[in-house]
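Visitor: Supplied in structure tokens, the structure appears directly below.
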Amino acid sequence: MPGRLNSATAQPYVLGLFRMVVGLLFACHGAASLFGVLGGAAEGGTIDAGTWPGWYAAVIQLVGGSLVLLGLGTRAAAVVASGSMAYAYFKVHQPGALWPMENGGEASVMFCWAFLLLAFTGSGAFGLDRLLARRTSEPEQSTPERQTPVAA
């Protein structure tokens, strides 16, 4: 069993599943805050459009989470999402108490580190990034290289 868990062949698939779960959960937070679904925002409704920082955070959550879920622009979306969660922790939660267990910032910390991991590892398997990269590299391989003449 340990040989299977350390297998390099399984790593992209597990990473892809991790990315999809984290992206889905993050997008759900944004949808709840923006549209009032899944229980709504922390106050039980929606966040007013344009209010700082809640509305902007919700947009980042919905868009960034959706991009990460799909595996499209994963690294860039993960950097933005990780930064937004770091901001949320240090500006909203940390002033209340030092430890995340005391200040209610566990989700912010976990999302921050999960997205930072994805920023460095990429999308893994099942991502649109890989599919698009494969499609763009195929035509280049099938066309012969053309040499441009050098003018003297």
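We label chains A, B, ... in the order they appear in the structure tokens, count residues from 1 in each chain, and number ligands from 1 in the order shown.
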Could you list, as JSON, numbers by chain, every residue within 7 Å of His93 in chain A, counting only C-alpha atoms and ignoring same-chain residues fewer than 3 positions away?

Guide: {"A": [88, 89, 90, 96, 103, 104, 105]}

Visitor: Give me the residues near Ala41 in chain A as a ChimeraX atom specification, where near means some atom within 12 Å (using only C-alpha atoms) and where sequence neighbours in that chain fewer than 2 positions away do not count.

Guide: /A:28-39,43-48,54-55,57-58

Visitor: Find the distance between CA of Gln61 in chain A and CA of Gln11 in chain A and write it in Å to one decimal.

Guide: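 Here the two named atoms are 25.9 Å from each other.
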
Visitor: As a list in words, please: the residues near range 127-138 of chain A (cut-off 10 Å, only C-alpha atoms, same-chain neighbours under 4 positions excluded).

Guide: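 Once the adjacent positions are removed, what remains is Tyr13, Gly16, Leu17, Arg19, Met20, Leu67, Val68, Leu69, Leu70, Gly71, Leu72, Gly73, Thr74, Arg75, Gly122, Ser123, Ser142 and Thr143 of chain A.
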
Visitor: Would you put the residues from that selection into a file with N, CA and C atoms, as an mmCIF file, in the first residue's frame?

Guide:
data_model
loop_
_atom_site.group_PDB
_atom_site.id
_atom_site.type_symbol
_atom_site.label_atom_id
_atom_site.label_comp_id
_atom_site.auth_asym_id
_atom_site.auth_seq_id
_atom_site.Cartn_x
_atom_site.Cartn_y
_atom_site.Cartn_z
ATOM 1 N N TYR A 13 -3.399 12.886 -10.477
ATOM 2 C CA TYR A 13 -4.832 12.653 -10.313
ATOM 3 C C TYR A 13 -5.315 13.113 -8.944
ATOM 4 N N GLY A 16 -5.279 16.834 -8.988
ATOM 5 C CA GLY A 16 -6.426 17.336 -9.738
ATOM 6 C C GLY A 16 -7.710 17.276 -8.934
ATOM 7 N N LEU A 17 -7.922 16.199 -8.205
ATOM 8 C CA LEU A 17 -9.106 16.091 -7.351
ATOM 9 C C LEU A 17 -9.057 17.109 -6.220
ATOM 10 N N ARG A 19 -7.546 20.016 -6.296
ATOM 11 C CA ARG A 19 -7.812 21.309 -6.915
ATOM 12 C C ARG A 19 -9.310 21.513 -7.138
ATOM 13 N N MET A 20 -9.996 20.487 -7.616
ATOM 14 C CA MET A 20 -11.424 20.616 -7.892
ATOM 15 C C MET A 20 -12.236 20.821 -6.608
ATOM 16 N N LEU A 67 -12.388 29.198 -11.691
ATOM 17 C CA LEU A 67 -11.219 28.963 -12.540
ATOM 18 C C LEU A 67 -10.378 27.816 -12.008
ATOM 19 N N VAL A 68 -10.180 27.781 -10.707
ATOM 20 C CA VAL A 68 -9.400 26.693 -10.102
ATOM 21 C C VAL A 68 -10.149 25.372 -10.260
ATOM 22 N N LEU A 69 -11.446 25.378 -10.057
ATOM 23 C CA LEU A 69 -12.251 24.169 -10.237
ATOM 24 C C LEU A 69 -12.090 23.608 -11.643
ATOM 25 N N LEU A 70 -12.129 24.483 -12.637
ATOM 26 C CA LEU A 70 -11.992 24.048 -14.021
ATOM 27 C C LEU A 70 -10.553 23.765 -14.417
ATOM 28 N N GLY A 71 -9.617 24.266 -13.643
ATOM 29 C CA GLY A 71 -8.214 24.096 -13.998
ATOM 30 C C GLY A 71 -7.819 25.008 -15.136
ATOM 31 N N LEU A 72 -8.365 26.201 -15.165
ATOM 32 C CA LEU A 72 -8.098 27.166 -16.225
ATOM 33 C C LEU A 72 -7.406 28.383 -15.613
ATOM 34 N N GLY A 73 -6.154 28.598 -15.978
ATOM 35 C CA GLY A 73 -5.389 29.677 -15.351
ATOM 36 C C GLY A 73 -5.187 29.411 -13.872
ATOM 37 N N THR A 74 -4.957 28.164 -13.547
ATOM 38 C CA THR A 74 -4.928 27.729 -12.152
ATOM 39 C C THR A 74 -3.901 28.487 -11.326
ATOM 40 N N ARG A 75 -2.692 28.594 -11.823
ATOM 41 C CA ARG A 75 -1.638 29.228 -11.025
ATOM 42 C C ARG A 75 -1.951 30.689 -10.728
ATOM 43 N N GLY A 122 0.497 23.661 -9.775
ATOM 44 C CA GLY A 122 -0.280 23.673 -11.002
ATOM 45 C C GLY A 122 -1.565 22.893 -10.846
ATOM 46 N N SER A 123 -2.216 22.635 -11.969
ATOM 47 C CA SER A 123 -3.570 22.095 -11.925
ATOM 48 C C SER A 123 -3.659 20.584 -11.734
ATOM 49 N N SER A 142 3.303 18.947 -35.798
ATOM 50 C CA SER A 142 2.976 18.361 -37.082
ATOM 51 C C SER A 142 3.446 19.206 -38.269
ATOM 52 N N THR A 143 3.699 20.503 -38.044
ATOM 53 C CA THR A 143 4.161 21.343 -39.145
ATOM 54 C C THR A 143 5.677 21.325 -39.198
#

Visitor: So which residues touch Thr121 in chain A within 9 Å, counting only C-alpha atoms, skipping near sequence neighbours fewer than 4 positions away, as a PyMOL selection string?

Guide: chain A and resi 15+75+116-117

Visitor: Between A:Ala78, A:Val21, A:Ala49, A:Ile60, which residue has the minimum interatomic distance to Phe120 in chain A, considering only C-alpha atoms?

Guide: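 Answer, going by the shortest atom-to-atom distance: A:Ala78.
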
Visitor: Measuring between only C-alpha atoms, which one of A:Phe126, A:Tyr87, A:Phe111, A:Tyr56 shows the shortest distance to Val22 in chain A?

Guide: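 Checking each candidate against Val22 in chain A, we get A:Phe111 as the closest.
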
Visitor: Just list as a PyMOL selection string whatever in chain A DSSP marks as helix (DSSP H, G or I).

Guide: chain A and resi 2-5+11-35+54-70+74-96+100-103+106-121+128-142

Visitor: Which residues are close to Ala86 in chain A, i.e. within 12 Å by only C-alpha atoms, leaving aside same-chain residues fewer than 4 positions away? Reply as a ChimeraX atom specification.

Guide: /A:57,79-82,90-94,105-116

Visitor: Using only C-alpha atoms for the distances, tell me which of A:Ala125, A:Pro53, A:Gly65, A:Ser7 is nearest to Leu25 in chain A.

Guide: A:Gly65
